[in-house]
>>> print(open('coords_18.cif').read())   # mmCIF, C-alpha atoms
data_protein
loop_
_atom_site.label_atom_id
_atom_site.label_comp_id
_atom_site.auth_asym_id
_atom_site.auth_seq_id
_atom_site.Cartn_x
_atom_site.Cartn_y
_atom_site.Cartn_z
CA MET A 1 0.00 0.00 0.00
CA THR A 2 1.01 3.61 -0.49
CA PRO A 3 1.54 5.57 2.73
CA LEU A 4 -0.37 8.81 3.30
CA PHE A 5 2.85 10.77 3.88
CA SER A 6 6.52 10.51 2.93
CA LEU A 7 8.48 7.88 4.83
CA GLU A 8 12.07 8.45 5.90
CA ALA A 9 12.39 4.85 7.12
CA THR A 10 12.01 1.51 5.39
CA TRP A 11 8.82 0.56 7.19
CA SER A 12 5.98 -1.52 5.82
CA VAL A 13 2.45 -0.26 5.20
CA ALA A 14 -0.72 -2.29 5.77
CA SER A 15 -4.44 -1.56 5.65
CA LEU A 16 -6.25 -1.16 8.94
CA GLN A 17 -8.40 -4.13 7.93
CA GLU A 18 -5.28 -6.32 7.74
CA LEU A 19 -4.23 -5.15 11.20
CA CYS A 20 -7.70 -5.93 12.56
CA SER A 21 -7.86 -9.51 11.28
CA GLY A 22 -7.18 -12.78 13.03
CA GLY A 23 -8.43 -13.99 16.38
CA ASP A 24 -11.18 -11.74 17.66
CA ALA A 25 -9.73 -8.60 16.07
CA SER A 26 -12.33 -6.66 14.07
CA ILE A 27 -13.79 -3.37 12.91
CA GLN A 28 -17.38 -3.22 14.08
CA THR A 29 -20.18 -0.68 14.51
CA GLY A 30 -22.02 -0.21 17.79
CA PRO A 31 -25.60 -1.39 18.25
CA PHE A 32 -28.25 0.15 16.03
CA GLY A 33 -31.22 2.04 17.42
CA SER A 34 -33.44 -1.00 17.09
CA GLN A 35 -31.13 -2.86 19.49
CA LEU A 36 -30.75 -0.09 22.06
CA HIS A 37 -33.47 2.53 22.50
CA ALA A 38 -33.27 5.86 24.32
CA SER A 39 -35.74 4.47 26.85
CA ASP A 40 -33.22 1.72 27.75
CA TYR A 41 -30.79 4.13 29.39
CA VAL A 42 -30.76 4.15 33.18
CA GLU A 43 -29.45 6.55 35.80
CA ASP A 44 -27.19 4.05 37.55
CA GLY A 45 -25.67 1.37 35.38
CA ILE A 46 -22.82 0.37 33.09
CA PRO A 47 -21.42 3.22 30.94
CA CYS A 48 -22.23 3.27 27.24
CA VAL A 49 -19.70 5.24 25.17
CA MET A 50 -21.34 7.61 22.70
CA PRO A 51 -19.72 9.98 20.13
CA GLN A 52 -20.05 12.99 22.46
CA ASP A 53 -18.01 11.14 25.10
CA ILE A 54 -14.93 11.01 22.85
CA ARG A 55 -12.76 13.98 23.85
CA ASP A 56 -9.05 14.69 23.43
CA GLY A 57 -8.22 11.07 22.65
CA ARG A 58 -9.91 9.81 25.83
CA ILE A 59 -13.37 8.95 27.14
CA SER A 60 -15.16 11.57 29.21
CA ILE A 61 -17.70 10.30 31.73
CA GLU A 62 -19.10 13.75 32.52
CA ASN A 63 -22.42 13.02 30.79
CA VAL A 64 -22.00 9.37 29.82
CA ALA A 65 -25.17 7.32 29.25
CA ARG A 66 -25.66 4.07 31.18
CA ILE A 67 -27.43 0.77 30.60
CA SER A 68 -28.70 -1.99 32.87
CA GLU A 69 -26.78 -5.20 33.53
CA ASP A 70 -29.41 -7.14 31.57
CA ASP A 71 -28.89 -4.98 28.49
CA HIS A 72 -25.15 -5.19 28.99
CA ARG A 73 -25.30 -9.00 28.88
CA ARG A 74 -27.69 -8.95 25.91
CA LEU A 75 -25.32 -6.72 23.93
CA HIS A 76 -22.15 -8.63 24.82
CA ARG A 77 -20.76 -8.50 21.26
CA PHE A 78 -20.47 -4.72 21.61
CA HIS A 79 -18.40 -4.77 24.81
CA LEU A 80 -15.20 -2.75 24.83
CA ARG A 81 -11.78 -4.07 25.76
CA GLN A 82 -8.57 -2.35 26.77
CA GLY A 83 -6.70 -1.49 23.58
CA ASP A 84 -9.83 -0.95 21.47
CA ILE A 85 -10.19 2.36 19.62
CA VAL A 86 -13.58 4.04 19.20
CA TYR A 87 -14.65 6.55 16.56
CA PRO A 88 -17.88 8.47 15.96
CA ARG A 89 -19.65 7.16 12.84
CA ARG A 90 -21.13 10.58 12.01
CA GLY A 91 -20.14 14.22 12.38
CA ASP A 92 -16.60 14.81 13.63
CA ILE A 93 -15.29 11.48 12.38
CA SER A 94 -11.65 12.41 12.79
CA LYS A 95 -11.70 12.19 16.59
CA ARG A 96 -10.99 8.90 18.33
CA ALA A 97 -10.25 7.50 21.79
CA LEU A 98 -8.13 4.63 23.03
CA ILE A 99 -9.94 2.43 25.53
CA GLY A 100 -8.04 2.02 28.78
CA ARG A 101 -8.35 -0.26 31.78
CA ARG A 102 -11.13 1.87 33.27
CA GLU A 103 -13.39 1.52 30.22
CA ALA A 104 -12.87 -2.24 29.74
CA GLU A 105 -16.27 -4.04 29.56
CA TRP A 106 -18.16 -0.79 28.96
CA LEU A 107 -20.43 -0.77 25.92
CA CYS A 108 -19.58 0.64 22.50
CA GLY A 109 -22.70 2.76 22.02
CA THR A 110 -24.94 3.60 19.14
CA GLY A 111 -23.23 5.94 16.70
CA CYS A 112 -19.73 4.62 17.41
CA LEU A 113 -17.30 2.43 15.48
CA ARG A 114 -15.09 0.00 17.41
CA ILE A 115 -11.63 -0.87 16.10
CA ARG A 116 -10.05 -3.91 17.77
CA PRO A 117 -6.49 -4.42 16.46
CA ASN A 118 -4.59 -7.68 16.39
CA THR A 119 -1.85 -7.06 18.95
CA SER A 120 0.52 -9.44 17.18
CA SER A 121 0.52 -7.00 14.25
CA VAL A 122 0.26 -3.56 15.84
CA VAL A 123 0.55 -1.93 19.27
CA PRO A 124 -2.90 -0.43 20.07
CA SER A 125 -1.53 2.78 21.61
CA PHE A 126 0.74 3.31 18.59
CA LEU A 127 -2.23 2.81 16.28
CA ALA A 128 -4.29 5.34 18.26
CA TYR A 129 -1.54 7.94 17.88
CA TYR A 130 -1.07 7.09 14.21
CA LEU A 131 -4.78 7.67 13.59
CA SER A 132 -4.41 11.16 15.08
CA HIS A 133 -1.73 12.08 12.50
CA PRO A 134 -2.98 15.21 10.65
CA ASP A 135 -2.56 13.55 7.22
CA VAL A 136 -4.51 10.49 8.37
CA ARG A 137 -7.30 12.63 9.79
CA ALA A 138 -7.43 14.65 6.56
CA TRP A 139 -7.62 11.42 4.53
CA ILE A 140 -10.50 10.12 6.64
CA GLU A 141 -12.41 13.40 6.29
CA GLY A 142 -11.67 13.61 2.56
CA ASN A 143 -12.93 10.08 1.90
CA ALA A 144 -15.93 10.16 4.22
CA VAL A 145 -19.38 9.33 2.89
CA GLY A 146 -21.89 12.20 2.81
CA ALA A 147 -21.38 15.88 2.05
CA THR A 148 -23.39 17.60 4.79
CA MET A 149 -22.87 15.00 7.55
CA PRO A 150 -19.69 12.93 7.04
CA HIS A 151 -20.08 9.21 7.79
CA LEU A 152 -17.40 6.68 8.72
CA ASN A 153 -18.17 3.04 7.98
CA THR A 154 -16.27 -0.21 8.42
CA GLY A 155 -15.19 -0.27 4.76
CA LEU A 156 -13.66 3.19 4.86
CA ALA A 157 -11.99 2.54 8.21
CA GLY A 158 -10.58 -0.75 6.99
CA SER A 159 -8.97 0.89 3.97
CA ILE A 160 -6.88 3.37 5.99
CA PRO A 161 -3.18 2.80 5.16
CA VAL A 162 -1.16 2.32 8.36
CA VAL A 163 2.61 2.69 8.63
CA CYS A 164 4.07 -0.26 10.55
CA PRO A 165 7.50 0.00 12.17
CA SER A 166 8.64 -2.99 14.20
CA LEU A 167 6.57 -3.72 17.31
CA ALA A 168 9.50 -2.55 19.46
CA GLU A 169 9.64 0.79 17.61
CA GLN A 170 5.86 1.14 17.79
CA LYS A 171 5.99 0.60 21.54
CA ALA A 172 8.80 3.15 21.98
CA ILE A 173 6.98 5.81 19.94
CA ALA A 174 3.71 5.22 21.78
CA GLU A 175 5.44 5.37 25.18
CA MET A 176 7.10 8.69 24.35
CA LEU A 177 3.88 10.31 23.15
CA GLY A 178 1.99 8.68 26.00
CA ALA A 179 4.37 10.17 28.58
CA LEU A 180 3.51 13.65 27.27
CA ASP A 181 -0.20 12.84 27.42
CA ASP A 182 0.23 11.54 30.97
CA LYS A 183 1.77 14.89 31.97
CA ILE A 184 -1.15 16.69 30.32
CA GLU A 185 -3.58 14.47 32.24
CA LEU A 186 -1.70 15.18 35.47
CA ASN A 187 -2.08 18.91 34.79
CA ARG A 188 -5.79 18.40 34.13
CA ARG A 189 -6.24 16.63 37.45
CA MET A 190 -4.24 19.27 39.28
CA SER A 191 -6.28 22.07 37.71
CA ALA A 192 -9.49 20.25 38.73
CA THR A 193 -8.19 19.98 42.31
CA LEU A 194 -7.24 23.66 42.38
CA GLU A 195 -10.63 24.64 41.02
CA GLU A 196 -12.38 22.54 43.65
CA MET A 197 -10.30 24.19 46.37
CA ALA A 198 -11.34 27.63 45.08
CA ARG A 199 -14.99 26.57 44.89
CA ALA A 200 -14.88 25.16 48.43
CA LEU A 201 -13.37 28.37 49.79
CA TYR A 202 -15.97 30.46 47.96
CA ARG A 203 -18.77 28.31 49.36
CA SER A 204 -17.38 28.53 52.90
CA TRP A 205 -17.03 32.33 52.89
CA PHE A 206 -19.76 33.57 50.53
CA VAL A 207 -22.52 30.95 50.67
CA ASP A 208 -22.40 28.96 53.92
CA PHE A 209 -20.85 31.85 55.92
CA ASP A 210 -18.79 29.39 57.99
CA PRO A 211 -16.55 32.03 59.61
CA VAL A 212 -19.60 34.05 60.73
CA HIS A 213 -21.35 31.00 62.19
CA ALA A 214 -18.16 30.02 64.04
CA ARG A 215 -17.76 33.50 65.54
CA ALA A 216 -21.45 33.55 66.52
CA LEU A 217 -20.76 30.41 68.58
CA GLY A 218 -17.67 31.98 70.10
CA GLN A 219 -15.36 29.59 68.25
CA PRO A 220 -12.38 30.38 66.03
CA PRO A 221 -13.19 29.75 62.33
CA ALA A 222 -11.50 26.59 61.05
CA HIS A 223 -8.29 26.96 59.02
CA MET A 224 -8.22 30.73 59.55
CA ASP A 225 -5.76 32.96 61.40
CA ALA A 226 -7.01 35.33 64.08
CA THR A 227 -6.39 38.47 61.99
CA THR A 228 -8.55 37.20 59.13
CA ALA A 229 -11.22 35.87 61.50
CA ALA A 230 -11.54 39.31 63.09
CA LEU A 231 -12.64 40.73 59.72
CA PHE A 232 -15.88 38.75 59.88
CA PRO A 233 -18.93 39.82 61.88
CA ASP A 234 -20.27 37.54 64.60
CA SER A 235 -23.96 37.89 63.71
CA PHE A 236 -26.44 38.18 60.86
CA GLY A 237 -28.75 40.98 59.86
CA PRO A 238 -32.53 40.71 59.30
CA ASP A 239 -31.90 39.91 55.62
CA GLY A 240 -30.04 36.71 56.59
CA LEU A 241 -26.68 38.10 55.44
CA PRO A 242 -23.70 38.71 57.71
CA LYS A 243 -23.86 42.21 59.15
CA GLY A 244 -22.29 44.71 56.76
CA TRP A 245 -22.81 42.44 53.72
CA ARG A 246 -25.21 43.02 50.82
CA GLU A 247 -26.46 41.40 47.64
CA GLU A 248 -25.81 42.75 44.16
CA PRO A 249 -26.51 41.41 40.65
CA ILE A 250 -23.61 39.39 39.29
CA ILE A 251 -23.60 41.54 36.15
CA GLU A 252 -22.37 44.50 38.23
CA GLN A 253 -19.25 42.64 39.37
CA ALA A 254 -17.56 42.81 35.95
CA SER A 255 -17.76 44.20 32.44
CA TRP A 256 -19.48 41.65 30.18
CA VAL A 257 -18.51 42.03 26.51
CA ASN A 258 -20.35 39.81 24.04
CA GLY A 259 -18.38 38.62 21.01
CA ALA A 260 -18.79 39.87 17.46
CA ALA A 261 -20.91 38.24 14.77
CA HIS A 262 -18.19 37.12 12.38
CA LYS A 263 -19.29 36.65 8.76
CA ASN A 264 -17.86 34.61 5.91
CA MET A 265 -16.36 37.75 4.37
CA HIS A 266 -14.16 38.15 7.46
CA PHE A 267 -12.47 34.75 7.37
CA SER A 268 -8.94 34.64 6.06
CA ARG A 269 -5.76 32.58 5.99
CA ASN A 270 -3.59 35.66 5.99
CA PRO A 271 -0.47 34.93 8.10
CA GLU A 272 -1.47 37.79 10.38
CA ALA A 273 -5.04 36.50 10.83
CA LEU A 274 -6.13 35.55 14.35
CA PRO A 275 -8.31 32.56 15.31
CA VAL A 276 -12.00 33.15 15.96
CA VAL A 277 -12.92 31.74 19.36
CA LYS A 278 -16.21 29.88 19.40
CA ILE A 279 -17.48 27.48 22.06
CA ALA A 280 -15.72 24.64 20.21
CA GLU A 281 -12.38 26.41 20.69
CA LEU A 282 -13.10 26.90 24.39
CA LYS A 283 -13.53 23.14 24.74
CA SER A 284 -10.93 21.76 22.33
CA GLY A 285 -8.51 24.60 21.66
CA ILE A 286 -7.42 25.75 18.22
CA THR A 287 -7.86 22.89 15.75
CA SER A 288 -7.83 22.34 11.99
CA GLY A 289 -11.48 23.38 11.93
CA THR A 290 -10.85 26.78 13.54
CA LYS A 291 -11.53 29.78 11.33
CA PHE A 292 -9.23 32.81 11.21
CA THR A 293 -9.77 36.44 10.33
CA ALA A 294 -7.49 39.43 9.77
CA THR A 295 -10.43 41.84 9.91
CA ASP A 296 -10.08 44.28 12.81
CA LEU A 297 -13.49 44.42 14.47
CA GLY A 298 -12.36 46.55 17.38
CA ALA A 299 -10.13 46.20 20.41
CA LYS A 300 -12.97 45.09 22.69
CA TYR A 301 -13.39 41.88 20.64
CA ARG A 302 -9.69 40.98 20.79
CA ILE A 303 -8.92 38.60 23.63
CA THR A 304 -5.52 37.83 25.09
CA LYS A 305 -3.97 34.93 26.94
CA GLY A 306 -5.44 34.55 30.42
CA GLU A 307 -8.78 36.27 29.71
CA LEU A 308 -11.85 35.03 31.55
CA LEU A 309 -14.62 33.94 29.16
CA PHE A 310 -18.18 32.80 29.79
CA SER A 311 -20.11 30.86 27.14
CA TRP A 312 -23.79 31.68 27.49
CA SER A 313 -25.36 29.55 24.77
CA GLY A 314 -25.47 25.83 23.98
CA ASN A 315 -26.03 22.57 25.81
CA PRO A 316 -26.84 23.55 29.42
CA ASP A 317 -24.74 20.72 30.86
CA THR A 318 -21.63 21.05 28.71
CA SER A 319 -21.50 24.54 27.17
CA ILE A 320 -22.74 27.00 29.82
CA ASP A 321 -19.47 27.53 31.66
CA ALA A 322 -16.54 29.81 32.48
CA PHE A 323 -13.14 29.32 30.85
CA VAL A 324 -9.67 30.83 31.02
CA TRP A 325 -8.34 31.39 27.49
CA PRO A 326 -4.90 29.68 27.44
CA HIS A 327 -3.75 30.65 23.93
CA ASP A 328 -2.41 33.83 22.33
CA ASP A 329 -4.48 36.69 20.91
CA ALA A 330 -7.74 35.77 19.19
CA TRP A 331 -11.10 37.24 18.16
CA LEU A 332 -14.14 36.66 20.35
CA ASN A 333 -17.22 35.21 18.67
CA GLN A 334 -20.83 35.84 19.63
CA HIS A 335 -22.41 33.59 22.29
CA ILE A 336 -19.38 34.18 24.53
CA PHE A 337 -18.84 36.97 27.06
CA ALA A 338 -15.40 38.31 27.86
CA VAL A 339 -15.70 38.88 31.63
CA ARG A 340 -13.37 41.76 32.42
CA GLU A 341 -12.55 43.39 35.73
CA ASN A 342 -14.33 46.67 36.44
CA GLY A 343 -12.85 47.35 39.87
CA ARG A 344 -15.48 45.42 41.81
CA ALA A 345 -13.90 41.94 41.85
CA GLY A 346 -10.61 40.42 40.74
CA LYS A 347 -10.34 37.80 38.01
CA ALA A 348 -9.67 34.97 40.47
CA LEU A 349 -12.80 35.81 42.48
CA LEU A 350 -14.87 36.14 39.29
CA PHE A 351 -13.68 32.73 38.09
CA ALA A 352 -14.48 31.06 41.43
CA MET A 353 -17.89 32.73 41.45
CA LEU A 354 -18.80 31.70 37.90
CA ARG A 355 -17.60 28.13 38.37
CA PHE A 356 -19.39 27.82 41.72
CA TYR A 357 -22.72 28.90 40.24
CA LYS A 358 -22.35 26.74 37.12
CA PRO A 359 -25.24 24.41 38.17
CA GLU A 360 -27.55 27.39 38.70
CA PHE A 361 -26.63 28.88 35.32
CA ALA A 362 -27.21 25.50 33.68
CA GLU A 363 -30.66 25.32 35.27
CA ILE A 364 -31.57 28.80 34.00
CA ALA A 365 -30.45 27.80 30.50
CA ARG A 366 -32.27 24.47 30.73
CA ASN A 367 -35.56 26.22 31.51
CA LYS A 368 -35.22 28.12 28.22
CA GLN A 369 -34.00 25.12 26.29
CA THR A 370 -35.09 24.68 22.66
CA THR A 371 -33.83 21.88 20.37
CA GLY A 372 -31.31 20.87 23.04
CA LEU A 373 -29.82 24.35 23.44
CA GLY A 374 -30.23 26.88 26.23
CA HIS A 375 -28.92 30.36 26.92
CA ILE A 376 -28.14 32.95 29.58
CA THR A 377 -29.07 36.57 28.82
CA ARG A 378 -28.01 39.89 30.31
CA LYS A 379 -31.41 40.04 32.01
CA ASP A 380 -30.62 36.72 33.69
CA LEU A 381 -27.32 38.16 34.93
CA GLU A 382 -29.10 41.29 36.16
CA ALA A 383 -31.50 39.11 38.17
CA PHE A 384 -28.80 36.78 39.57
CA PRO A 385 -27.75 37.94 43.07
CA VAL A 386 -24.37 37.30 44.66
CA ARG A 387 -23.22 38.13 48.20
CA ILE A 388 -20.85 41.07 48.56
CA PRO A 389 -18.74 41.29 51.74
CA THR A 390 -16.93 44.27 53.17
CA SER A 391 -13.92 45.41 51.15
CA ASP A 392 -11.36 44.06 53.64
CA ILE A 393 -12.92 40.56 53.52
CA ALA A 394 -12.98 40.72 49.72
CA ARG A 395 -9.27 41.65 49.67
CA SER A 396 -8.45 38.82 52.09
CA PHE A 397 -10.29 36.32 49.90
CA GLU A 398 -8.45 37.57 46.80
CA ASP A 399 -5.13 37.15 48.62
CA ARG A 400 -5.98 33.53 49.39
CA ILE A 401 -7.42 32.56 46.03
CA GLU A 402 -4.97 34.35 43.73
CA PRO A 403 -2.15 31.77 44.22
CA LEU A 404 -4.61 28.95 43.46
CA PHE A 405 -5.78 30.74 40.33
CA LYS A 406 -2.21 31.34 39.12
CA ARG A 407 -1.35 27.67 39.60
CA TYR A 408 -4.55 26.79 37.73
CA GLN A 409 -3.48 29.02 34.84
CA ASN A 410 0.02 27.53 34.83
CA CYS A 411 -1.48 24.04 34.53
CA LEU A 412 -3.45 25.19 31.48
CA TYR A 413 -0.45 26.86 29.89
CA GLY A 414 1.79 23.89 30.62
CA SER A 415 -0.68 21.52 28.98
CA ILE A 416 -0.76 23.70 25.85
CA SER A 417 3.06 23.57 25.62
CA LEU A 418 3.09 19.80 26.10
CA ALA A 419 0.32 19.27 23.53
CA THR A 420 2.19 21.45 21.03
CA LEU A 421 5.36 19.41 21.58
CA ARG A 422 3.43 16.14 21.18
CA ASP A 423 1.74 17.31 17.99
CA THR A 424 5.08 18.47 16.59
CA LEU A 425 6.86 15.20 17.36
CA LEU A 426 4.07 12.87 16.25
CA PRO A 427 4.26 13.24 12.43
CA ARG A 428 8.06 13.22 12.48
CA LEU A 429 8.15 10.05 14.58
CA MET A 430 5.52 8.36 12.41
CA SER A 431 7.52 9.05 9.23
CA GLY A 432 10.86 7.98 10.70
CA GLU A 433 12.29 11.48 10.15
CA LEU A 434 12.91 11.73 13.89
CA ARG A 435 14.13 8.73 15.84
CA ILE A 436 13.42 8.03 19.48
CA ARG A 437 16.77 9.09 20.96
CA GLU A 438 16.67 12.50 19.32
CA ALA A 439 13.01 12.95 20.30
CA GLU A 440 13.86 12.14 23.92
CA LYS A 441 16.41 14.95 23.96
CA ARG A 442 13.80 17.41 22.68
CA VAL A 443 11.33 16.32 25.33
CA GLU A 444 13.95 16.77 28.07
CA GLU A 445 14.64 20.31 26.85
CA VAL A 446 10.98 21.28 27.16
CA VAL A 447 9.87 19.25 30.21
#
>>> encode(input="coords_18.cif", output="structure tokens")
Amino acid sequence: MTPLFSLEATWSVASLQELCSGGDASIQTGPFGSQLHASDYVEDGIPCVMPQDIRDGRISIENVARISEDDHRRLHRFHLRQGDIVYPRRGDISKRALIGRREAEWLCGTGCLRIRPNTSSVVPSFLAYYLSHPDVRAWIEGNAVGATMPHLNTGLAGSIPVVCPSLAEQKAIAEMLGALDDKIELNRRMSATLEEMARALYRSWFVDFDPVHARALGQPPAHMDATTAALFPDSFGPDGLPKGWREEPIIEQASWVNGAAHKNMHFSRNPEALPVVKIAELKSGITSGTKFTATDLGAKYRITKGELLFSWSGNPDTSIDAFVWPHDDAWLNQHIFAVRENGRAGKALLFAMLRFYKPEFAEIARNKQTTGLGHITRKDLEAFPVRIPTSDIARSFEDRIEPLFKRYQNCLYGSISLATLRDTLLPRLMSGELRIREAEKRVEEVV
């Protein structure tokens, strides 16, 4: 077979179908709708991997569907195994995920394609990285069935040409790229921990009023020095708030700038063009599908690294959220607010506040939901009250949360650097242009 890119090494090339033959290796679609209905899903059961669960080469369980044990047994031929690779069959067919130990025995859901390689021919983790090669992804998209909604079927998947170094070389390449992904995952977990710490502190001070309750009982507030504790009152007013506190609409705590409505005439591949940030970019970063524009729509629509953004339209559970933009300058698209300091609250406090109230925002959006989408309006923000303490308490909170927020940002920025390094090394390793020893030196320089 002819490879999809130039090879610098004398490696063989085989079709994916050849690599998924023998034993129980196969390329297989998930169950059709007649085999698994929407009414079969249960709240507490065995996870069923759907296309929307495939994110960043891994399986997200944030909103994963579940099935009963009876249905799991009935659909045994669609079980997943460690080393399988799953694809969506429709839509964004270039994304894929490698099944790990955690997902073993979960179900390959409706709308997915399961690739089970023969491990005597190819290392599964190497194959997963190979399938993320930009030229391979472009080939899949270019050969997909359907113009408006691309489809991936077993025949197309089976015809993908795969470069095959020796198993030892495959393992070494996969381990190197995997080590970078492990560091990215470690950063993700650390950022989640830091965010939870910020949310817990916000809840304690601004929602549950723990320090005030402790002082009312004549006790020192937990995990708080005496100087900070003295800033809090020891009683509540008739409005239920700590004495000296008040409520204000969240919209007054920052300047909320909605993005511009970019049109086709704006988009450009000029070297000086900047990416247009839509909700997809907030979730997945800048990808091959990102549009760029060199049109200057005004300074207020230009965002910079570290800006706080709030997406106010989309799926209430997955799109209504606050984000820190971790890339360089870009243009802000409509349906996203840039949340900028106006002197009332610092960025770290605003981020903790927005992330803490994410469930409430999702519920507001869900109540206005049409065709699966919801939204948050300025009127909603004007009607959404938050608790405002005295200025000295606010400053004390900022002093505590700022280091957490900076570490959170550093995790994001570090992951971007690692992902860039991985994506730079991957095509060169897959072609044999760069060998493992040289790649290891480059990784050491960055990490």
>>> closest_atom_pairs(input="coords_18.cif", of="range 183-266 of chain A", to="range 415-437 of chain A", cutoff="8 Å", atoms="all atoms listed in the file", output="Markdown table")
| residue | atom | partner | partner_atom | distance |
| --- | --- | --- | --- | --- |
| A:Lys183 | CA | A:Ser415 | CA | 7.7 |
| A:Ile184 | CA | A:Ser415 | CA | 5.0 |
| A:Asn187 | CA | A:Ser415 | CA | 6.5 |
| A:Arg188 | CA | A:Ser415 | CA | 7.9 |
>>> residues_around(input="coords_18.cif", residues="Val276 in chain A", least_positions_apart="5", cutoff="8 Å", atoms="all atoms listed in the file", output="tab-separated table (two decimals) with C-alpha atoms, keeping the file's coordinate frame")
chain	number	residue	atom	x	y	z
A	290	THR	CA	-10.85	26.78	13.54
A	291	LYS	CA	-11.53	29.78	11.33
A	292	PHE	CA	-9.23	32.81	11.21
A	293	THR	CA	-9.77	36.44	10.33
A	330	ALA	CA	-7.74	35.77	19.19
A	331	TRP	CA	-11.10	37.24	18.16
A	332	LEU	CA	-14.14	36.66	20.35
A	333	ASN	CA	-17.22	35.21	18.67
>>> resolve_selection(input="coords_18.cif", expression="the PyMOL selection byres ((chain A and resi 215) around 9)", output="JSON, numbers by chain")
{"A": [210, 211, 212, 213, 214, 216, 217, 218, 219, 220, 221, 229, 230, 232, 233, 234, 235]}
>>> resolve_selection(input="coords_18.cif", expression="the PyMOL selection byres ((chain A and resi 82-90) around 6)", output="JSON, numbers by chain")
{"A": [51, 81, 91, 93, 96, 97, 98, 99, 100, 101, 104, 111, 112, 113, 114, 115, 116, 124, 150, 151, 152]}
>>> resolve_selection(input="coords_18.cif", expression="the PyMOL selection byres ((chain A and resi 109) around 7)", output="compact mmCIF listing (two decimals) with C-alpha atoms, in the frame of the given file")
# COMPACT_ATOMS: atom_id res chain seq x y z
CA GLY A 30 -22.02 -0.21 17.79
CA PRO A 31 -25.60 -1.39 18.25
CA CYS A 48 -22.23 3.27 27.24
CA VAL A 49 -19.70 5.24 25.17
CA MET A 50 -21.34 7.61 22.70
CA LEU A 107 -20.43 -0.77 25.92
CA CYS A 108 -19.58 0.64 22.50
CA THR A 110 -24.94 3.60 19.14
CA GLY A 111 -23.23 5.94 16.70
CA CYS A 112 -19.73 4.62 17.41
>>> residues_around(input="coords_18.cif", residues="range 384-388 of chain A", least_positions_apart="6", cutoff="12 Å", atoms="all atoms listed in the file", output="count of residues only")
39
>>> closest_residue(input="coords_18.cif", among="A:Ser204, A:Gln28, A:Ala157, A:Asp53", to="Val145 in chain A", atoms="only C-alpha atoms")
A:Ala157
>>> residues_around(input="coords_18.cif", residues="Val64 in chain A", least_positions_apart="2", cutoff="12 Å", atoms="all atoms listed in the file", output="number ranges by chain")
A: 41-55, 59-62, 66-67, 103, 106-109, 317-318
>>> atom_distance(input="coords_18.cif", atom1="CA of Pro403 in chain A", atom2="CA of Ala338 in chain A")
22.0 Å
>>> atom_distance(input="coords_18.cif", atom1="CA of Leu80 in chain A", atom2="CA of Glu105 in chain A")
5.0 Å
>>> closest_residue(input="coords_18.cif", among="A:Asp135, A:Glu382, A:Asp392, A:Glu169", to="Leu231 in chain A", atoms="all atoms listed in the file")
A:Asp392
>>> closest_residue(input="coords_18.cif", among="A:Asp71, A:Asp40, A:Asp181, A:Glu175", to="Gly57 in chain A", atoms="only C-alpha atoms")
A:Asp181
>>> atom_distance(input="coords_18.cif", atom1="CA of Asp92 in chain A", atom2="CA of Tyr129 in chain A")
17.1 Å
>>> residues_around(input="coords_18.cif", residues="range 13-18 of chain A", least_positions_apart="5", cutoff="8 Å", atoms="all atoms listed in the file", output="PyMOL selection string")
chain A and resi 1-3+26-27+157-164
